[in-house]
file entry11.cif (mmCIF, C-alpha atoms)
data_data
#
loop_
_atom_site.label_atom_id
_atom_site.label_comp_id
_atom_site.auth_asym_id
_atom_site.auth_seq_id
_atom_site.Cartn_x
_atom_site.Cartn_y
_atom_site.Cartn_z
CA MET B 1417 32.18 15.45 -18.20
CA LEU B 1418 28.44 15.99 -18.53
CA ASN B 1419 26.04 13.10 -18.78
CA ASP B 1420 24.13 13.29 -22.09
CA ARG B 1421 21.49 10.79 -21.01
CA THR B 1422 18.03 12.12 -20.33
CA MET B 1423 16.68 11.28 -16.91
CA THR B 1424 13.14 9.98 -16.74
CA PHE B 1425 10.57 10.58 -14.06
CA SER B 1426 7.58 8.35 -13.42
CA VAL B 1427 4.84 9.57 -11.13
CA LYS B 1428 3.04 6.25 -11.62
CA GLN B 1429 6.02 4.23 -10.38
CA ASP B 1430 6.48 6.55 -7.41
CA ARG B 1431 2.80 6.09 -6.46
CA GLU B 1432 3.04 2.31 -6.84
CA ASP B 1433 6.09 2.28 -4.57
CA GLU B 1434 4.27 4.47 -2.04
CA ILE B 1435 1.29 2.10 -1.99
CA LYS B 1436 3.50 -0.97 -1.59
CA ASN B 1437 5.52 0.63 1.20
CA THR B 1438 2.36 1.74 3.00
CA LEU B 1439 0.74 -1.67 2.70
CA LYS B 1440 3.91 -3.32 4.02
CA ALA B 1441 4.04 -0.93 6.99
CA VAL B 1442 0.37 -1.62 7.79
CA TYR B 1443 0.93 -5.37 7.44
CA ASP B 1444 3.94 -5.22 9.78
CA ALA B 1445 2.04 -3.18 12.38
CA LEU B 1446 -0.87 -5.62 12.36
CA TYR B 1447 1.48 -8.58 12.62
CA GLU B 1448 3.43 -7.03 15.50
CA LYS B 1449 0.20 -6.48 17.42
CA GLY B 1450 -0.78 -10.14 16.98
CA TYR B 1451 -3.49 -9.75 14.33
CA ASN B 1452 -3.83 -11.74 11.11
CA PRO B 1453 -2.74 -8.95 8.72
CA VAL B 1454 -4.34 -10.40 5.60
CA ASN B 1455 -7.74 -10.84 7.27
CA GLN B 1456 -7.63 -7.36 8.78
CA ILE B 1457 -6.63 -5.67 5.50
CA VAL B 1458 -9.35 -7.56 3.59
CA GLY B 1459 -11.88 -6.50 6.24
CA TYR B 1460 -10.82 -2.90 5.79
CA ILE B 1461 -11.00 -3.04 2.01
CA LEU B 1462 -14.44 -4.67 1.98
CA SER B 1463 -16.01 -2.47 4.63
CA GLU B 1464 -13.95 0.74 4.53
CA ASP B 1465 -14.09 0.56 8.31
CA PRO B 1466 -10.75 1.87 9.57
CA THR B 1467 -11.10 0.04 12.89
CA TYR B 1468 -9.89 -3.12 11.13
CA ILE B 1469 -6.46 -1.45 11.10
CA THR B 1470 -4.50 -0.86 14.29
CA THR B 1471 -3.38 2.61 15.29
CA TYR B 1472 -0.02 1.08 16.25
CA ASN B 1473 2.85 2.73 14.33
CA ASN B 1474 0.31 5.08 12.71
CA ALA B 1475 -0.93 2.24 10.46
CA ARG B 1476 -4.56 3.39 10.41
CA SER B 1477 -3.62 6.87 9.33
CA LEU B 1478 -1.23 5.55 6.69
CA ILE B 1479 -3.73 3.28 5.00
CA ARG B 1480 -6.42 5.96 4.94
CA HIS B 1481 -4.18 8.05 2.66
CA ILE B 1482 -4.67 5.46 -0.08
CA ASP B 1483 -7.91 5.21 -2.01
CA ARG B 1484 -9.32 1.68 -1.67
CA ASP B 1485 -9.82 1.37 -5.43
CA GLU B 1486 -6.22 2.36 -6.01
CA LEU B 1487 -5.11 -0.12 -3.37
CA LEU B 1488 -7.07 -2.94 -4.99
CA GLN B 1489 -5.76 -2.09 -8.45
CA GLU B 1490 -2.18 -2.19 -7.24
CA MET B 1491 -2.73 -5.46 -5.39
CA VAL B 1492 -4.26 -7.16 -8.45
CA ARG B 1493 -1.56 -5.71 -10.72
CA SER B 1494 1.13 -6.99 -8.37
CA TYR B 1495 -0.49 -10.40 -7.99
CA LEU B 1496 -0.72 -10.84 -11.75
CA ASN B 1497 2.68 -9.20 -12.35
CA ALA B 1498 0.98 -6.90 -14.85
CA ASP B 1499 2.54 -3.58 -15.79
CA LYS B 1500 -0.47 -2.14 -17.57
#
call {"tool": "encode", "arguments": {"input": "entry11.cif", "output": "structure tokens"}}
result
Amino acid sequence: MLNDRTMTFSVKQDREDEIKNTLKAVYDALYEKGYNPVNQIVGYILSEDPTYITTYNNARSLIRHIDRDELLQEMVRSYLNADK
């Protein structure tokens, strides 16, 4: 029997998930190398200097694929639990 329900696709949700997964991977890499992940990520966001992020587990490359403004928006949205 065919399913009559229409499937939905959300590019926005996919991008949000990608950002969250990337940020988590970067956090984990920094933690595993003995850094304070929050301080290092804040340093990166404020300065845009990629050397705040370790190359371990490709973390530096991963985070550079996300625009800093987009990263900040997602972090604020998540912190405030806002969907808009």
call {"tool": "residues_near_point", "arguments": {"input": "entry11.cif", "point": "(-7.0, 1.5, -3.3)", "cutoff": "12 Å", "atoms": "only C-alpha atoms", "output": "JSON, numbers by chain"}}
result
{"B": [1431, 1432, 1434, 1435, 1436, 1438, 1439, 1457, 1458, 1460, 1461, 1462, 1464, 1479, 1480, 1481, 1482, 1483, 1484, 1485, 1486, 1487, 1488, 1489, 1490, 1491, 1492, 1493]}
call {"tool": "closest_residue", "arguments": {"input": "entry11.cif", "among": "B:Asp1430, B:Ser1494, B:Asn1452, B:Val1442", "to": "Thr1470 (chain B)", "atoms": "only C-alpha atoms"}}
result
B:Val1442
call {"tool": "atom_distance", "arguments": {"input": "entry11.cif", "atom1": "CA of Val1454 (chain B)", "atom2": "CA of Ser1477 (chain B)"}}
result
17.7 Å
call {"tool": "atom_distance", "arguments": {"input": "entry11.cif", "atom1": "CA of Lys1449 (chain B)", "atom2": "CA of Asn1437 (chain B)"}}
result
18.5 Å
call {"tool": "atom_distance", "arguments": {"input": "entry11.cif", "atom1": "CA of Asn1473 (chain B)", "atom2": "CA of Asn1497 (chain B)"}}
result
29.2 Å
call {"tool": "residues_around", "arguments": {"input": "entry11.cif", "residues": "Tyr1451 (chain B)", "least_positions_apart": "6", "cutoff": "10 Å", "atoms": "all atoms listed in the file", "output": "list of chain:residue names"}}
result
B:Tyr1443, B:Asp1444, B:Ala1445, B:Tyr1468, B:Ile1469, B:Thr1470
